[in-house]
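coords_38.txt follows; it contains compact mmCIF, C-alpha atoms.
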```
# COMPACT_ATOMS: atom_id res chain seq x y z
CA THR A 1 -12.16 52.38 -88.45
CA LEU A 2 -14.95 49.85 -88.87
CA PHE A 3 -12.49 47.51 -90.59
CA CYS A 4 -10.11 47.65 -87.59
CA PHE A 5 -12.96 46.97 -85.19
CA ALA A 6 -14.20 44.03 -87.27
CA LEU A 7 -10.65 42.71 -87.57
CA GLY A 8 -10.27 42.93 -83.78
CA LEU A 9 -13.51 40.99 -83.23
CA MET A 10 -12.54 38.32 -85.75
CA SER A 11 -9.03 38.01 -84.30
CA GLY A 12 -10.43 37.65 -80.80
CA ALA A 13 -12.90 34.97 -81.88
CA PHE A 14 -10.14 33.15 -83.74
CA ALA A 15 -7.87 33.36 -80.68
CA ASN A 16 -10.71 32.06 -78.54
CA GLY A 17 -11.05 29.01 -80.76
CA ARG A 18 -7.33 28.28 -80.52
CA LEU A 19 -6.90 29.08 -76.83
CA ALA A 20 -10.05 27.21 -75.73
CA ARG A 21 -8.18 23.97 -76.36
CA HIS A 22 -5.59 24.87 -73.73
CA LEU A 23 -7.18 27.30 -71.27
CA PRO A 24 -10.27 27.02 -69.07
CA ALA A 25 -13.20 29.29 -69.84
CA ARG A 26 -12.56 31.49 -66.79
CA ARG A 27 -9.06 32.28 -68.06
CA LEU A 28 -10.39 33.14 -71.51
CA ALA A 29 -13.04 35.36 -69.96
CA ALA A 30 -10.41 37.08 -67.81
CA LEU A 31 -8.12 37.55 -70.82
CA GLY A 32 -10.87 39.04 -72.96
CA LEU A 33 -12.18 41.24 -70.17
CA SER A 34 -8.67 42.48 -69.41
CA ALA A 35 -8.04 43.46 -73.04
CA LEU A 36 -11.42 45.14 -73.27
CA THR A 37 -10.94 47.04 -70.00
CA LEU A 38 -7.39 48.17 -70.84
CA GLY A 39 -8.53 49.41 -74.24
CA ALA A 40 -11.55 51.25 -72.83
CA VAL A 41 -9.73 52.88 -69.93
CA GLY A 42 -6.84 53.78 -72.26
CA ALA A 43 -9.21 55.39 -74.75
CA PHE A 44 -10.90 57.37 -71.98
CA ALA A 45 -7.54 58.52 -70.61
CA LEU A 46 -6.49 59.55 -74.10
CA GLY A 47 -9.72 61.50 -74.48
CA LEU A 48 -9.21 63.22 -71.14
CA SER A 49 -5.67 64.18 -72.07
CA GLY A 50 -6.85 65.95 -75.20
CA ALA A 51 -4.41 63.95 -77.33
CA ALA A 52 -7.05 61.68 -78.87
CA ASP A 53 -7.02 61.30 -82.61
CA LEU A 54 -7.97 58.44 -84.87
CA MET A 55 -4.46 57.00 -85.13
CA ARG A 56 -4.08 56.88 -81.34
CA LEU A 57 -7.58 55.57 -80.66
CA MET A 58 -7.59 52.75 -83.24
CA PRO A 59 -5.18 50.41 -81.40
CA LEU A 60 -7.17 50.88 -78.19
CA LEU A 61 -10.51 50.27 -79.92
CA SER A 62 -8.99 47.25 -81.66
CA ALA A 63 -7.85 45.88 -78.27
CA MET A 64 -11.40 46.31 -77.01
CA ALA A 65 -12.80 44.51 -80.03
CA PHE A 66 -10.25 41.72 -79.61
CA GLY A 67 -11.26 41.32 -75.97
CA ALA A 68 -14.92 41.24 -76.92
CA GLY A 69 -14.19 38.63 -79.59
CA VAL A 70 -12.51 36.44 -76.98
CA MET A 71 -15.26 36.99 -74.41
CA PHE A 72 -18.47 36.65 -76.45
CA PRO A 73 -18.23 32.90 -77.13
CA VAL A 74 -17.13 32.17 -73.55
CA ASN A 75 -19.99 34.22 -72.12
CA MET A 76 -22.59 32.58 -74.31
CA GLN A 77 -21.29 29.10 -73.53
CA GLY A 78 -21.13 29.90 -69.83
CA SER A 79 -24.68 31.19 -69.76
CA LEU A 80 -26.10 28.22 -71.65
CA GLN A 81 -24.15 25.36 -70.06
CA PRO A 82 -25.87 25.29 -66.65
CA MET A 83 -29.28 25.33 -68.33
CA ALA A 84 -28.65 22.96 -71.23
CA ASP A 85 -32.16 21.54 -70.98
CA MET A 86 -33.59 25.08 -71.30
CA ALA A 87 -31.06 26.58 -73.73
CA GLY A 88 -33.69 28.66 -75.54
CA LEU A 89 -34.78 30.32 -72.31
CA ALA A 90 -31.18 30.91 -71.21
CA SER A 91 -30.32 32.40 -74.61
CA GLY A 92 -33.35 34.69 -74.42
CA ILE A 93 -32.39 35.90 -70.95
CA PHE A 94 -28.81 36.46 -72.11
CA GLY A 95 -30.05 38.53 -75.06
CA ALA A 96 -32.41 40.51 -72.83
CA ALA A 97 -29.52 41.23 -70.43
CA GLN A 98 -27.48 42.53 -73.37
CA MET A 99 -30.33 44.83 -74.41
CA LEU A 100 -30.72 46.06 -70.84
CA GLY A 101 -26.98 46.75 -70.69
CA GLY A 102 -27.18 48.66 -73.96
CA SER A 103 -30.04 50.75 -72.61
CA ALA A 104 -28.07 51.54 -69.46
CA ALA A 105 -25.03 52.45 -71.56
CA SER A 106 -27.18 54.85 -73.62
CA ALA A 107 -28.33 56.58 -70.44
CA ILE A 108 -24.76 56.82 -69.16
CA ALA A 109 -23.53 58.22 -72.50
CA ALA A 110 -26.33 60.81 -72.56
CA THR A 111 -25.50 61.87 -69.00
CA LEU A 112 -21.78 62.12 -69.75
CA MET A 113 -22.51 64.06 -72.94
CA SER A 114 -24.64 66.59 -71.08
CA HIS A 115 -21.91 67.12 -68.48
CA SER A 116 -18.82 67.07 -70.70
CA GLY A 117 -20.19 68.36 -74.00
CA SER A 118 -17.75 66.02 -75.73
CA PRO A 119 -19.00 63.04 -77.76
CA LEU A 120 -15.54 61.45 -77.45
CA LEU A 121 -15.54 61.65 -73.66
CA ALA A 122 -19.15 60.44 -73.52
CA MET A 123 -18.34 57.42 -75.69
CA THR A 124 -15.03 56.46 -74.10
CA GLY A 125 -16.30 57.22 -70.59
CA THR A 126 -19.28 54.95 -71.11
CA MET A 127 -17.03 52.20 -72.44
CA ALA A 128 -14.60 52.57 -69.53
CA LEU A 129 -17.38 52.57 -66.91
CA SER A 130 -19.04 49.55 -68.53
CA ALA A 131 -15.77 47.64 -68.75
CA LEU A 132 -14.86 48.44 -65.14
CA ALA A 133 -18.34 47.37 -63.99
CA ALA A 134 -17.97 44.11 -65.92
CA LEU A 135 -14.54 43.56 -64.38
CA ALA A 136 -15.93 44.18 -60.89
CA ALA A 137 -18.85 41.80 -61.52
CA PHE A 138 -16.46 39.16 -62.79
CA ALA A 139 -14.21 39.53 -59.75
CA MET A 140 -17.04 39.53 -57.21
CA LEU A 141 -19.55 37.14 -58.74
CA VAL A 142 -18.15 34.95 -61.48
CA ARG A 143 -14.71 34.04 -60.13
CA PRO A 144 -15.99 32.92 -56.70
CA ALA A 145 -18.77 30.88 -58.33
CA LEU A 146 -16.29 29.22 -60.69
CA SER A 147 -13.97 28.45 -57.78
CA ARG A 148 -16.84 26.87 -55.79
CA ASP A 149 -17.95 24.79 -58.76
CA ALA A 150 -14.43 23.66 -59.69
CA GLY A 151 -14.50 20.74 -57.26
CA ARG A 152 -17.98 19.50 -58.13
CA PRO A 153 -18.55 16.71 -60.62
CA VAL A 154 -20.22 17.73 -63.86
CA GLU A 155 -23.85 16.66 -64.08
CA LYS A 156 -24.95 15.21 -67.38
CA THR A 157 -28.21 16.47 -68.80
CA GLY A 158 -30.31 15.38 -71.69
CA ASN A 159 -30.73 11.98 -73.26
CA PRO A 160 -27.80 9.56 -73.41
```
Written as structure tokens, that's how I'd like the structure from this file.
Amino acid sequence: TLFCFALGLMSGAFANGRLARHLPARRLAALGLSALTLGAVGAFALGLSGAADLMRLMPLLSAMAFGAGVMFPVNMQGSLQPMADMAGLASGIFGAAQMLGGSAASAIAATLMSHSGSPLLAMTGTMALSALAALAAFAMLVRPALSRDAGRPVEKTGNP
């Protein structure tokens, strides 16, 4: 299982490197987020149906890992680019946001576990809720900001 997840991450990162030459970052982010969300919601639905087993979950978890592999480089680049002159600070804030998200996911998983009694539903439910929240944030915050900034000239920072 760990091998499939690692393979999904590596495949996504490799695809990101290839696709970044042809697609804008917002498309890569949307592609990765879509794969991650479909995998997470699919895994949760499978868990709810009672038909979840390792062979059925692995393709969905691999799709999630692939999506994450596509998204991680785009997200890091997108968070650092506007603050190139303060990249260390931006990277620290990005890392802190990831830790905060992980803490929130732990609380969600604990709540779901106490209500459902099922570790599978707690895990897949947390992943599905997190993915759907990320998709909503992307749709409401990131896409409009990218559309606004699309017509602006790029400012150069740093020394020539």
Give as a list in words the set of residues within 9 Å of the point (-29.8, 32.6, -70.8), where distances use the file's coordinates and only C-alpha atoms.
Met76, Ser79, Leu80, Met83, Met86, Ala87, Gly88, Leu89, Ala90, Ser91, Gly92, Ile93, Phe94, Gly95, Ala96 and Ala97 of chain A
Restricted to C-alpha atoms, what would the selected residues look like written as a CSV table (one decimal), in the frame of the given file?
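Here's the written file selection-v8.csv:
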```csv
chain,number,residue,atom,x,y,z
A,76,MET,CA,-22.6,32.6,-74.3
A,79,SER,CA,-24.7,31.2,-69.8
A,80,LEU,CA,-26.1,28.2,-71.6
A,83,MET,CA,-29.3,25.3,-68.3
A,86,MET,CA,-33.6,25.1,-71.3
A,87,ALA,CA,-31.1,26.6,-73.7
A,88,GLY,CA,-33.7,28.7,-75.5
A,89,LEU,CA,-34.8,30.3,-72.3
A,90,ALA,CA,-31.2,30.9,-71.2
A,91,SER,CA,-30.3,32.4,-74.6
A,92,GLY,CA,-33.4,34.7,-74.4
A,93,ILE,CA,-32.4,35.9,-71.0
A,94,PHE,CA,-28.8,36.5,-72.1
A,95,GLY,CA,-30.0,38.5,-75.1
A,96,ALA,CA,-32.4,40.5,-72.8
A,97,ALA,CA,-29.5,41.2,-70.4
```
Stretch 62-108 of chain A residues near stretch 20-35 of chain A within 10 Å, closest pair each, using all atoms listed in the file, as a tab-separated table:
```
residue	atom	partner	partner_atom	distance
A:Ser62	CA	A:Ala35	CA	9.5
A:Ala63	CA	A:Ala35	CA	5.8
A:Met64	CA	A:Ala35	CA	5.9
A:Ala65	CA	A:Ala35	CA	8.5
A:Phe66	CA	A:Ala35	CA	7.1
A:Gly67	CA	A:Gly32	CA	3.8
A:Ala68	CA	A:Gly32	CA	6.1
A:Gly69	CA	A:Gly32	CA	7.4
A:Val70	CA	A:Gly32	CA	5.1
A:Met71	CA	A:Gly32	CA	5.1
A:Phe72	CA	A:Ala29	CA	8.6
A:Pro73	CA	A:Ala29	CA	9.2
A:Val74	CA	A:Ala25	CA	6.1
A:Asn75	CA	A:Ala29	CA	7.4
A:Gln77	CA	A:Ala25	CA	8.9
A:Gly78	CA	A:Ala25	CA	8.0
```
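Put simply, atom CA of A:Leu129 is 26.7 Å away from atom CA of A:Phe14.
Reported to one decimal place, the separation of atom CA of A:Phe44 from atom CA of A:Thr124 is 4.7 Å.
Distances from A:Leu61, A:Leu19, A:Met140, A:Ala109 to A:Leu121 were compared using only C-alpha atoms, and the smallest one belongs to A:Ala109.
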State, in Å with one decimal place, the distance from atom CA of A:Leu7 to atom CA of A:Ser103.
25.8 Å
Find, counting all atoms listed in the file, the residue in A:Ser116, A:Asp53, A:Ala133, A:Phe3 that gets nearest to A:Ala104.
A:Ala133
12 Å contact set for A:Arg56, all atoms listed in the file, chain neighbours under 3 positions out, as a list of chain:residue names:
A:Thr1, A:Gly39, A:Gly42, A:Ala43, A:Phe44, A:Ala45, A:Leu46, A:Gly47, A:Ser49, A:Gly50, A:Ala51, A:Ala52, A:Asp53, A:Pro59, A:Leu60, A:Leu61, A:Ser62
